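Structure file structure-v2.txt with compact mmCIF, C-alpha atoms:
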```
# COMPACT_ATOMS: atom_id res chain seq x y z
CA MET F 1 0.00 0.00 0.00
CA LEU F 2 2.85 2.34 0.76
CA LEU F 3 4.20 1.80 -2.74
CA MET F 4 1.16 3.58 -4.14
CA TRP F 5 1.84 6.59 -1.93
CA ARG F 6 5.54 6.99 -2.79
CA PRO F 7 5.07 8.23 -6.39
CA LEU F 8 2.74 10.91 -5.03
CA MET F 9 5.24 12.28 -2.50
CA ALA F 10 6.79 14.46 -5.17
CA PHE F 11 3.31 15.71 -5.98
CA ARG F 12 2.69 17.00 -2.46
CA ARG F 13 3.63 20.57 -2.99
CA LYS F 14 1.66 23.80 -3.03
CA ARG F 15 1.33 25.53 -6.33
CA ASN F 16 -0.40 28.66 -7.54
CA THR F 17 -2.90 26.60 -9.48
CA SER F 18 -3.48 23.63 -7.18
CA GLU F 19 -2.98 22.27 -3.70
CA CYS F 20 -2.26 18.73 -2.65
CA ASN F 21 -2.35 17.81 1.05
CA PRO F 22 -2.58 14.47 2.81
CA VAL F 23 -5.80 13.74 4.65
CA SER F 24 -5.53 12.76 8.27
CA GLU F 25 -7.35 9.76 9.69
CA GLU F 26 -9.81 12.07 11.51
CA ASP F 27 -10.60 13.87 8.27
CA HIS F 28 -10.96 10.52 6.55
CA LYS F 29 -13.59 9.44 9.09
CA THR F 30 -15.40 12.75 8.65
CA GLN F 31 -15.45 12.34 4.85
CA GLU F 32 -16.79 8.81 5.12
CA HIS F 33 -19.71 10.07 7.23
CA PRO F 34 -20.84 13.41 5.72
CA PRO F 35 -23.21 15.67 7.64
CA PRO F 36 -26.99 15.49 7.06
CA PRO F 37 -28.32 17.05 3.81
CA GLN F 38 -29.75 20.17 5.51
CA LYS F 39 -26.52 20.97 7.30
CA ARG F 40 -24.54 20.34 4.11
CA ARG F 41 -26.66 22.83 2.18
CA LYS F 42 -26.03 25.52 4.79
CA GLU F 43 -22.27 24.94 4.71
CA THR F 44 -22.25 25.05 0.92
CA MET F 45 -24.06 28.39 0.93
CA LYS F 46 -21.36 29.78 3.19
CA GLY F 47 -18.75 28.61 0.70
CA THR F 48 -16.96 26.31 3.16
CA GLU F 49 -17.67 22.97 1.47
CA PRO F 50 -18.45 22.01 -2.14
CA THR F 51 -21.02 19.50 -3.26
CA VAL F 52 -19.44 16.08 -3.06
CA LEU F 53 -20.14 12.95 -5.10
CA ALA F 54 -18.93 9.76 -3.44
CA HIS F 55 -17.96 6.67 -5.44
CA LEU F 56 -16.68 3.40 -4.09
CA GLY F 57 -14.19 1.73 -6.41
CA CYS F 58 -13.95 -2.01 -7.03
CA HIS F 59 -11.35 -4.56 -8.03
CA ARG F 60 -12.63 -4.80 -11.62
CA GLU F 61 -12.56 -1.04 -12.20
CA LEU F 62 -9.01 -0.68 -10.91
CA GLN F 63 -7.71 -3.54 -13.02
CA GLY F 64 -9.62 -2.17 -16.01
CA GLY F 65 -7.66 1.03 -15.50
CA ARG F 66 -10.40 3.46 -16.53
CA SER F 67 -11.51 4.54 -13.06
CA GLY F 68 -9.86 7.95 -13.65
CA HIS F 69 -12.70 8.90 -15.99
CA ARG F 70 -14.75 9.82 -12.92
CA GLN F 71 -12.36 12.71 -12.34
CA CYS F 72 -12.85 13.74 -15.97
CA ARG F 73 -16.63 13.95 -15.64
CA SER F 74 -16.15 15.74 -12.34
CA ALA F 75 -13.92 18.30 -14.06
CA ILE F 76 -16.56 18.91 -16.72
CA VAL F 77 -19.47 19.46 -14.35
CA GLN F 78 -17.29 21.46 -11.90
CA ARG F 79 -18.26 19.36 -8.90
CA GLY F 80 -16.02 17.76 -6.28
CA GLY F 81 -15.58 13.99 -6.55
CA HIS F 82 -14.95 12.19 -3.27
CA GLN F 83 -13.72 8.79 -4.36
CA PRO F 84 -12.88 6.31 -1.60
CA GLN F 85 -11.71 3.14 -3.28
CA PRO F 86 -9.84 0.13 -1.88
CA VAL F 87 -6.50 -0.59 -3.53
CA ALA F 88 -6.91 -3.84 -5.43
CA VAL F 89 -3.58 -3.99 -7.29
CA THR F 90 -1.23 -6.56 -5.75
CA GLY F 91 1.67 -4.87 -3.97
CA GLY F 92 0.36 -1.41 -4.88
CA ALA F 93 2.12 -1.40 -8.28
CA GLY F 94 -0.87 0.25 -9.97
CA GLY F 95 -0.39 3.47 -8.04
CA ASP F 96 2.30 4.78 -10.38
CA PHE F 97 0.12 5.24 -13.48
CA GLU F 98 -2.78 6.57 -11.38
CA ALA F 99 -0.47 9.13 -9.77
CA SER F 100 0.72 10.13 -13.23
CA PHE F 101 -2.89 10.60 -14.34
CA ILE F 102 -3.56 12.90 -11.37
CA ARG F 103 -0.48 14.97 -12.27
CA LEU F 104 -1.79 15.26 -15.83
CA LEU F 105 -5.15 16.57 -14.58
CA ASP F 106 -3.28 19.09 -12.46
CA LYS F 107 -1.31 20.34 -15.49
CA ILE F 108 -4.34 20.95 -17.73
CA THR F 109 -6.47 22.63 -15.03
CA ASN F 110 -6.20 25.79 -12.99
CA GLY F 111 -7.27 25.79 -9.35
CA SER F 112 -7.75 22.06 -8.81
CA ARG F 113 -7.56 20.73 -5.27
CA ILE F 114 -6.30 17.20 -4.79
CA GLU F 115 -5.95 15.39 -1.48
CA ILE F 116 -4.78 11.83 -0.91
CA ASN F 117 -4.68 10.13 2.45
CA GLN F 118 -1.50 8.60 3.82
CA THR F 119 -2.48 5.03 2.91
CA GLY F 120 -3.25 5.99 -0.69
CA THR F 121 -6.78 4.56 -0.59
CA THR F 122 -8.86 7.76 -0.60
CA LEU F 123 -8.74 10.51 -3.19
CA TYR F 124 -10.53 13.85 -2.81
CA TYR F 125 -10.67 15.80 -6.06
CA GLN F 126 -12.19 19.27 -6.38
CA PRO F 127 -11.94 20.30 -10.04
CA GLY F 128 -10.71 23.66 -11.19
CA LEU F 129 -10.98 25.47 -14.50
CA LEU F 130 -10.11 23.47 -17.62
CA TYR F 131 -7.30 25.68 -18.87
CA GLY F 132 -5.51 23.82 -21.68
CA GLY F 133 -2.61 25.46 -23.49
CA SER F 134 0.75 23.85 -24.31
CA VAL F 135 1.60 20.95 -21.99
CA GLU F 136 4.21 18.20 -21.83
CA HIS F 137 3.75 15.09 -19.72
CA ASP F 138 5.77 11.94 -19.06
CA CYS F 139 3.31 9.07 -18.70
CA SER F 140 3.92 5.98 -16.61
CA VAL F 141 5.26 3.04 -18.63
CA LEU F 142 2.90 0.70 -16.75
CA ARG F 143 0.05 1.83 -19.02
CA SER F 144 -0.16 2.98 -22.60
CA ILE F 145 -0.53 6.61 -23.67
CA GLY F 146 -4.02 5.59 -24.83
CA TYR F 147 -5.02 5.36 -21.15
CA TYR F 148 -4.37 9.11 -20.81
CA LEU F 149 -5.65 10.04 -24.28
CA GLU F 150 -9.08 8.53 -23.60
CA SER F 151 -9.60 11.09 -20.85
CA LEU F 152 -8.07 13.97 -22.82
CA LEU F 153 -10.48 13.31 -25.69
CA CYS F 154 -13.35 13.86 -23.25
CA LEU F 155 -11.93 17.08 -21.77
CA ALA F 156 -10.03 18.78 -24.61
CA PRO F 157 -13.05 20.36 -26.43
CA PHE F 158 -14.08 22.20 -23.23
CA MET F 159 -10.80 23.92 -22.37
CA LYS F 160 -10.35 27.68 -22.09
CA HIS F 161 -7.48 27.57 -24.58
CA PRO F 162 -6.89 24.98 -27.33
CA LEU F 163 -4.96 22.04 -25.96
CA ARG F 164 -1.55 21.18 -27.40
CA ILE F 165 0.05 18.35 -25.48
CA VAL F 166 3.06 16.08 -25.88
CA LEU F 167 2.78 12.71 -24.13
CA ARG F 168 5.77 10.42 -23.66
CA GLY F 169 5.68 6.74 -22.74
CA VAL F 170 4.28 3.52 -24.25
CA THR F 171 2.34 3.99 -27.49
CA ASN F 172 1.16 0.38 -28.02
CA ASP F 173 0.44 -2.35 -25.50
CA GLN F 174 -2.00 -5.20 -24.86
CA VAL F 175 -4.25 -3.39 -22.35
CA ASP F 176 -5.27 0.08 -23.55
CA PRO F 177 -6.38 1.37 -26.97
CA SER F 178 -3.36 2.29 -29.05
CA VAL F 179 -2.76 5.75 -30.46
CA ASP F 180 -3.32 4.38 -33.98
CA VAL F 181 -6.81 3.07 -33.14
CA LEU F 182 -7.83 6.29 -31.35
CA LYS F 183 -6.63 8.35 -34.31
CA ALA F 184 -8.64 6.25 -36.77
CA THR F 185 -11.86 5.90 -34.71
CA ALA F 186 -12.16 8.51 -31.93
CA LEU F 187 -11.23 11.55 -34.02
CA PRO F 188 -13.91 10.89 -36.71
CA LEU F 189 -16.43 10.38 -33.90
CA LEU F 190 -15.58 13.78 -32.40
CA LYS F 191 -16.00 15.36 -35.84
CA GLN F 192 -19.59 14.07 -35.91
CA PHE F 193 -20.29 16.36 -32.93
CA GLY F 194 -18.76 19.45 -34.59
CA ILE F 195 -15.25 19.21 -33.11
CA ASP F 196 -13.01 19.78 -36.11
CA GLY F 197 -10.46 22.18 -37.51
CA GLU F 198 -6.92 22.52 -38.78
CA SER F 199 -5.53 22.18 -35.26
CA PHE F 200 -7.31 18.86 -34.65
CA GLU F 201 -4.44 16.38 -34.84
CA LEU F 202 -3.09 13.20 -33.25
CA LYS F 203 0.38 12.17 -34.41
CA VAL F 204 2.84 9.45 -33.40
CA VAL F 205 6.28 11.06 -33.29
CA ARG F 206 8.11 8.06 -31.81
CA ARG F 207 6.89 4.56 -31.01
CA GLY F 208 7.50 2.95 -27.67
CA MET F 209 6.73 -0.62 -26.65
CA PRO F 210 6.53 -1.98 -23.10
CA PRO F 211 8.28 -2.36 -20.77
CA GLY F 212 10.78 0.39 -21.67
CA GLY F 213 8.51 2.84 -23.49
CA GLY F 214 10.31 5.74 -25.11
CA GLY F 215 7.46 6.74 -27.42
CA GLU F 216 6.12 10.24 -28.03
CA VAL F 217 2.70 11.43 -29.18
CA PHE F 218 1.47 14.92 -30.09
CA PHE F 219 -2.22 15.77 -29.63
CA SER F 220 -3.92 19.08 -30.35
CA CYS F 221 -7.64 19.87 -30.18
CA PRO F 222 -9.66 23.06 -30.76
CA VAL F 223 -12.24 24.25 -28.24
CA ARG F 224 -15.98 24.42 -28.88
CA LYS F 225 -18.73 26.22 -27.03
CA VAL F 226 -21.50 23.71 -27.75
CA LEU F 227 -21.79 20.26 -29.30
CA LYS F 228 -24.16 19.27 -32.07
CA PRO F 229 -26.81 16.58 -31.53
CA VAL F 230 -26.34 13.49 -33.68
CA GLN F 231 -28.50 10.83 -35.30
CA LEU F 232 -26.21 7.85 -35.81
CA THR F 233 -28.71 5.11 -36.60
CA ASP F 234 -27.48 3.65 -39.91
CA PRO F 235 -24.26 1.64 -39.58
CA GLY F 236 -24.00 1.01 -43.33
CA LYS F 237 -21.89 -1.69 -44.97
CA ILE F 238 -18.14 -2.21 -44.94
CA LYS F 239 -16.49 -0.54 -47.94
CA ARG F 240 -12.77 -0.60 -47.07
CA ILE F 241 -10.28 -1.88 -44.50
CA ARG F 242 -7.12 -0.03 -43.54
CA GLY F 243 -4.43 -0.88 -41.05
CA ILE F 244 -0.93 -0.30 -39.74
CA ALA F 245 1.56 -3.10 -39.08
CA TYR F 246 4.36 -1.65 -36.94
CA SER F 247 7.65 -3.04 -35.74
CA VAL F 248 10.40 -1.51 -33.61
CA ARG F 249 13.85 -2.90 -32.79
CA VAL F 250 13.11 -6.13 -34.69
CA SER F 251 13.53 -7.21 -38.31
CA PRO F 252 11.49 -5.15 -40.82
CA GLN F 253 10.25 -8.47 -42.23
CA MET F 254 8.07 -8.86 -39.13
CA ALA F 255 5.64 -6.20 -40.38
CA ASN F 256 5.50 -7.76 -43.87
CA ARG F 257 4.73 -11.19 -42.42
CA ILE F 258 1.91 -9.67 -40.34
CA VAL F 259 0.40 -8.03 -43.43
CA ASP F 260 0.45 -11.23 -45.48
CA SER F 261 -1.20 -13.30 -42.75
CA ALA F 262 -3.94 -10.72 -42.10
CA ARG F 263 -4.72 -10.34 -45.81
CA SER F 264 -5.00 -14.12 -46.19
CA ILE F 265 -8.20 -13.94 -44.09
CA LEU F 266 -9.62 -10.52 -45.01
CA ASN F 267 -9.23 -10.97 -48.79
CA LYS F 268 -12.02 -13.55 -48.67
CA PHE F 269 -14.56 -10.83 -47.81
CA ILE F 270 -13.55 -7.54 -49.47
CA PRO F 271 -10.92 -6.52 -52.05
CA ASP F 272 -10.31 -2.93 -50.88
CA ILE F 273 -7.68 -3.66 -48.22
CA TYR F 274 -4.50 -1.71 -47.59
CA ILE F 275 -2.28 -2.28 -44.58
CA TYR F 276 0.66 0.09 -44.17
CA THR F 277 3.97 -1.05 -42.69
CA ASP F 278 5.64 1.25 -40.16
CA HIS F 279 9.19 0.30 -39.16
CA MET F 280 10.95 2.91 -37.05
CA LYS F 281 14.69 2.95 -36.39
CA GLY F 282 17.09 4.61 -33.99
CA VAL F 283 15.66 7.11 -31.52
CA SER F 284 12.18 6.83 -33.04
CA SER F 285 11.97 3.13 -32.16
CA GLY F 286 11.78 3.59 -28.39
CA LYS F 287 13.57 1.50 -25.80
CA SER F 288 12.04 -1.99 -26.19
CA PRO F 289 11.46 -4.38 -29.14
CA GLY F 290 8.01 -5.36 -30.30
CA PHE F 291 5.50 -5.46 -33.14
CA GLY F 292 1.75 -5.35 -33.64
CA LEU F 293 -1.19 -4.65 -35.94
CA SER F 294 -4.09 -2.20 -35.89
CA LEU F 295 -7.04 -2.69 -38.27
CA VAL F 296 -9.94 -0.34 -38.99
CA ALA F 297 -13.00 -1.07 -41.14
CA GLU F 298 -14.88 1.92 -42.61
CA THR F 299 -18.54 1.70 -43.58
CA THR F 300 -20.49 3.48 -46.31
CA THR F 301 -22.05 5.83 -43.71
CA GLY F 302 -18.77 6.89 -42.10
CA ALA F 303 -18.65 4.52 -39.12
CA PHE F 304 -15.32 3.04 -38.04
CA LEU F 305 -14.83 -0.36 -36.38
CA SER F 306 -11.41 -1.31 -35.04
CA ALA F 307 -9.35 -4.21 -33.69
CA GLU F 308 -5.72 -4.50 -32.65
CA LEU F 309 -3.12 -6.85 -31.23
CA ALA F 310 0.43 -6.38 -29.95
CA SER F 311 3.24 -8.78 -29.17
CA ASN F 312 4.08 -9.76 -25.61
CA PRO F 313 6.43 -7.35 -23.79
CA GLN F 314 10.09 -8.27 -23.76
CA GLY F 315 10.79 -10.90 -21.12
CA GLN F 316 7.09 -11.58 -20.43
CA GLY F 317 5.17 -14.57 -21.74
CA ALA F 318 5.89 -16.77 -24.73
CA ALA F 319 7.12 -15.45 -28.05
CA VAL F 320 4.38 -14.62 -30.57
CA LEU F 321 4.73 -15.43 -34.26
CA PRO F 322 3.87 -12.57 -36.64
CA GLU F 323 1.67 -14.92 -38.69
CA ASP F 324 -0.42 -15.87 -35.66
CA LEU F 325 -0.74 -12.24 -34.57
CA GLY F 326 -1.92 -11.12 -38.02
CA GLN F 327 -4.53 -13.88 -38.30
CA ASN F 328 -5.84 -13.37 -34.77
CA CYS F 329 -6.16 -9.60 -35.29
CA ALA F 330 -8.07 -10.15 -38.55
CA LYS F 331 -10.47 -12.48 -36.70
CA LEU F 332 -10.95 -9.86 -33.98
CA LEU F 333 -11.89 -7.30 -36.64
CA LEU F 334 -14.43 -9.72 -38.13
CA GLU F 335 -15.89 -10.21 -34.66
CA GLU F 336 -16.15 -6.43 -34.18
CA ILE F 337 -17.87 -6.15 -37.57
CA TYR F 338 -20.34 -8.84 -36.49
CA ARG F 339 -21.18 -6.82 -33.38
CA GLY F 340 -21.62 -3.80 -35.62
CA GLY F 341 -23.10 -0.46 -34.68
CA CYS F 342 -22.21 3.10 -35.61
CA VAL F 343 -19.51 3.27 -32.89
CA ASP F 344 -17.10 0.46 -32.08
CA SER F 345 -16.86 -1.04 -28.59
CA THR F 346 -13.71 0.97 -27.76
CA ASN F 347 -15.45 4.35 -28.16
CA GLN F 348 -18.95 3.57 -26.89
CA SER F 349 -18.44 5.56 -23.69
CA LEU F 350 -16.97 8.57 -25.53
CA GLY F 351 -19.98 8.75 -27.84
CA LEU F 352 -22.45 8.53 -24.93
CA LEU F 353 -20.63 11.30 -23.03
CA LEU F 354 -20.70 13.65 -26.03
CA MET F 355 -24.41 12.92 -26.52
CA THR F 356 -25.00 13.79 -22.86
CA LEU F 357 -23.14 17.10 -23.16
CA GLY F 358 -24.90 18.10 -26.39
CA GLN F 359 -27.58 20.72 -26.85
CA GLN F 360 -31.04 20.19 -25.43
CA ASP F 361 -32.13 18.14 -28.39
CA VAL F 362 -32.63 14.44 -29.12
CA SER F 363 -29.54 12.40 -30.00
CA LYS F 364 -29.58 8.77 -31.08
CA VAL F 365 -26.85 6.21 -31.62
CA LEU F 366 -27.00 2.56 -32.66
CA LEU F 367 -24.45 0.39 -30.87
CA GLY F 368 -23.53 -3.25 -30.79
CA PRO F 369 -23.74 -5.21 -27.52
CA LEU F 370 -22.81 -2.89 -24.64
CA SER F 371 -19.47 -3.62 -23.01
CA PRO F 372 -19.31 -4.01 -19.20
CA TYR F 373 -17.50 -0.68 -18.93
CA THR F 374 -20.19 1.09 -20.98
CA ILE F 375 -22.88 -0.23 -18.62
CA GLU F 376 -20.97 1.15 -15.63
CA PHE F 377 -20.37 4.38 -17.55
CA LEU F 378 -24.14 4.88 -17.95
CA ARG F 379 -24.50 4.66 -14.16
CA HIS F 380 -21.83 7.34 -13.74
CA LEU F 381 -23.59 9.60 -16.25
CA LYS F 382 -26.72 9.33 -14.13
CA SER F 383 -24.74 10.23 -10.99
CA PHE F 384 -23.00 13.28 -12.46
CA PHE F 385 -25.52 14.64 -14.97
CA GLN F 386 -28.84 13.14 -13.73
CA ILE F 387 -29.49 11.87 -17.24
CA MET F 388 -30.94 8.52 -18.31
CA PHE F 389 -30.90 6.94 -21.76
CA LYS F 390 -33.81 5.24 -23.45
CA ILE F 391 -32.50 1.80 -24.47
CA GLU F 392 -34.18 -0.23 -27.21
CA THR F 393 -32.96 -3.60 -28.45
CA LYS F 394 -32.83 -4.09 -32.22
CA PRO F 395 -32.60 -7.78 -33.14
CA CYS F 396 -30.75 -8.70 -36.30
CA GLY F 397 -32.84 -9.22 -39.41
CA GLU F 398 -33.03 -8.09 -43.01
CA GLU F 399 -32.13 -4.49 -42.21
CA LEU F 400 -29.53 -5.13 -39.50
CA LYS F 401 -26.93 -7.81 -40.07
CA GLY F 402 -24.71 -9.46 -37.49
CA GLY F 403 -25.45 -9.51 -33.78
CA ASP F 404 -28.25 -7.82 -31.89
CA LYS F 405 -27.98 -4.03 -31.69
CA VAL F 406 -28.96 -1.46 -29.05
CA LEU F 407 -30.47 1.94 -29.88
CA LEU F 408 -29.73 4.56 -27.21
CA THR F 409 -31.64 7.86 -27.13
CA CYS F 410 -31.22 10.86 -24.85
CA VAL F 411 -31.79 14.60 -24.63
CA GLY F 412 -28.57 16.53 -24.02
CA VAL F 413 -28.07 18.61 -20.88
CA GLY F 414 -27.24 21.70 -22.96
CA PHE F 415 -23.69 22.02 -21.68
CA SER F 416 -21.95 25.22 -22.77
CA ASN F 417 -18.25 25.95 -22.53
CA LEU F 418 -18.38 29.26 -20.64
CA SER F 419 -14.59 29.42 -20.24
CA LYS F 420 -13.95 29.54 -24.01
CA THR F 421 -11.90 32.62 -24.88
CA LEU F 422 -13.84 35.21 -26.89
CA LYS F 423 -12.15 36.71 -29.96
```
Now, as a test, write the supplied structure out as structure tokens.
Amino acid sequence: MLLMWRPLMAFRRKRNTSECNPVSEEDHKTQEHPPPPQKRRKETMKGTEPTVLAHLGCHRELQGGRSGHRQCRSAIVQRGGHQPQPVAVTGGAGGDFEASFIRLLDKITNGSRIEINQTGTTLYYQPGLLYGGSVEHDCSVLRSIGYYLESLLCLAPFMKHPLRIVLRGVTNDQVDPSVDVLKATALPLLKQFGIDGESFELKVVRRGMPPGGGGEVFFSCPVRKVLKPVQLTDPGKIKRIRGIAYSVRVSPQMANRIVDSARSILNKFIPDIYIYTDHMKGVSSGKSPGFGLSLVAETTTGAFLSAELASNPQGQGAAVLPEDLGQNCAKLLLEEIYRGGCVDSTNQSLGLLLMTLGQQDVSKVLLGPLSPYTIEFLRHLKSFFQIMFKIETKPCGEELKGGDKVLLTCVGVGFSNLSKTLK
């Protein structure tokens, strides 16, 4: 447990924009048993205590690694998030990447207040202003840069200044969505809601594989005052498949072998297939060897479905043959196509959040089977925004091919970015 607290010791310093203090055991008991509602309202009116949302973490959420998204939603709605959660990672090793995520939130906000108790099991987060600007951050090598980018994609459109950030660490791993998949699927989804422009960019400068990392990613996003409602109800049919086979610090033939094995399966279904090979050398190849494949299928209506696989980290697990990796990744893409929908399973939660924050109009989206995280995400949306989705099942038939679909409908909360700089 103490291992989780050590990476945060350097973070315990007072700054002009934030404050980070440990919480004593007495304060911890007080936070676990808040005062009655009437007394709380009086204290809030005096300005001595913000409204607090309490969430109890669980073993599955911590291992899934996306529990930090609660802080993101808290930052958007400008409400404090009191998050007591038991540490479920063996030996406390998971605390490093979570501490790095908290530092990242501190860099992109102004006036945040973060408190962590001495055992590292309770986090109190009072969000400040989403400021943005030019930022550099060194991510923990225990998780991919995609772990941090998922949250930045939710927050970046609502900054005061356009966000331009450089993230360093692991670009591709077996746990989180890779930068290549987020670039091919999440960015087009954001464009559906009106978030677009010349400064909207996600670029891999250097690749880094676990466990050493050494990769670098540049992400920039414009700010928007409001989001457009969407009607994503027609998934369309697959018209092309694109992909990237990458390899670093191994033979360039690895990427070619991956491409040949993946095409041997996909060519049976569609002819328009192009998989790029990306072999980086020298400084651009990071600190550890590895290879992998990212595939994206585009439909006639502009939906993107993705799948990806990466080799085992150096010194961990059995060696993976490029041929097996390419075939397995192609099968994963076919499975994702069978699930279908207008948004792939990786970006279901991002689409639902943007629908929630849209104008006070009806938005609809057709999804495949909801992932366990998306189901939990809907509960969090109800806690933070008091919004509920109408869920209708759409069984497969003549109009809808593949697996059963789910149609989600909601009316946006009418969120407006009041901190956007006027020109």
Exercise. How many Å separate CA of Gln327 in chain F from CA of Lys237 in chain F?
Worked result: 22.2 Å
Find the nearest atom pair between each residue of range 139-201 of chain F and range 94-117 of chain F for residues within 9 Å, count all atoms listed in the file, give distances in Å to one decimal, sort rows by chain and ascending number, and present the table as a Markdown table.
```
| residue | atom | partner | partner_atom | distance |
| --- | --- | --- | --- | --- |
| F:Cys139 | CA | F:Ser100 | CA | 6.1 |
| F:Ser140 | CA | F:Phe97 | CA | 5.0 |
| F:Val141 | CA | F:Phe97 | CA | 7.6 |
| F:Leu142 | CA | F:Phe97 | CA | 6.2 |
| F:Arg143 | CA | F:Phe97 | CA | 6.5 |
| F:Tyr147 | CA | F:Phe101 | CA | 8.9 |
| F:Tyr148 | CA | F:Phe101 | CA | 6.8 |
| F:Met159 | CA | F:Ile108 | CA | 8.5 |
| F:Leu163 | CA | F:Ile108 | CA | 8.3 |
```
For this session: For a cut-off of 8 Å around (-11.7, -3.9, -35.7), file coordinates, pick out all residues using only C-alpha atoms and list them as a count of residues only.
Result: 17
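Rounded to one decimal, CA of Ala310 in chain F and CA of Thr185 in chain F lie 18.0 Å from each other.
If you count all atoms listed in the file and draw a sphere of 9 Å around (0.8, 2.4, -43.5), the protein and nucleic acid residues inside it come out as F:Arg242, F:Gly243, F:Ile244, F:Ala245, F:Tyr246, F:Tyr274, F:Ile275, F:Tyr276, F:Thr277, F:Asp278.
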Exercise. In Å to one decimal, how far is CA of Ala184 in chain F from CA of Glu298 in chain F?
Worked result: 9.6 Å
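Shortest separation to Ile145 in chain F among F:Met209, F:Leu190, F:Val411, F:Leu123 occurs at residue F:Met209, atoms counted being all atoms listed in the file.
Closest approach to Arg263 in chain F among F:Gln192, F:Gly326, F:Phe218, F:Gly302 is made by F:Gly326 (distances from all atoms listed in the file).
Proximity to Leu381 in chain F was assessed for F:Ile265, F:Val181, F:Leu149, F:Leu350 counting all atoms listed in the file; the smallest distance is recorded for F:Leu350.
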Exercise. If you count all atoms listed in the file, which residues fall within 12 Å of Pro289 in chain F, apart from same-chain ones fewer than 3 positions away, as a PyMOL selection string?
Worked result: chain F and resi 170+172-173+207-215+246-252+254+279-282+284-286+292+310-315+319
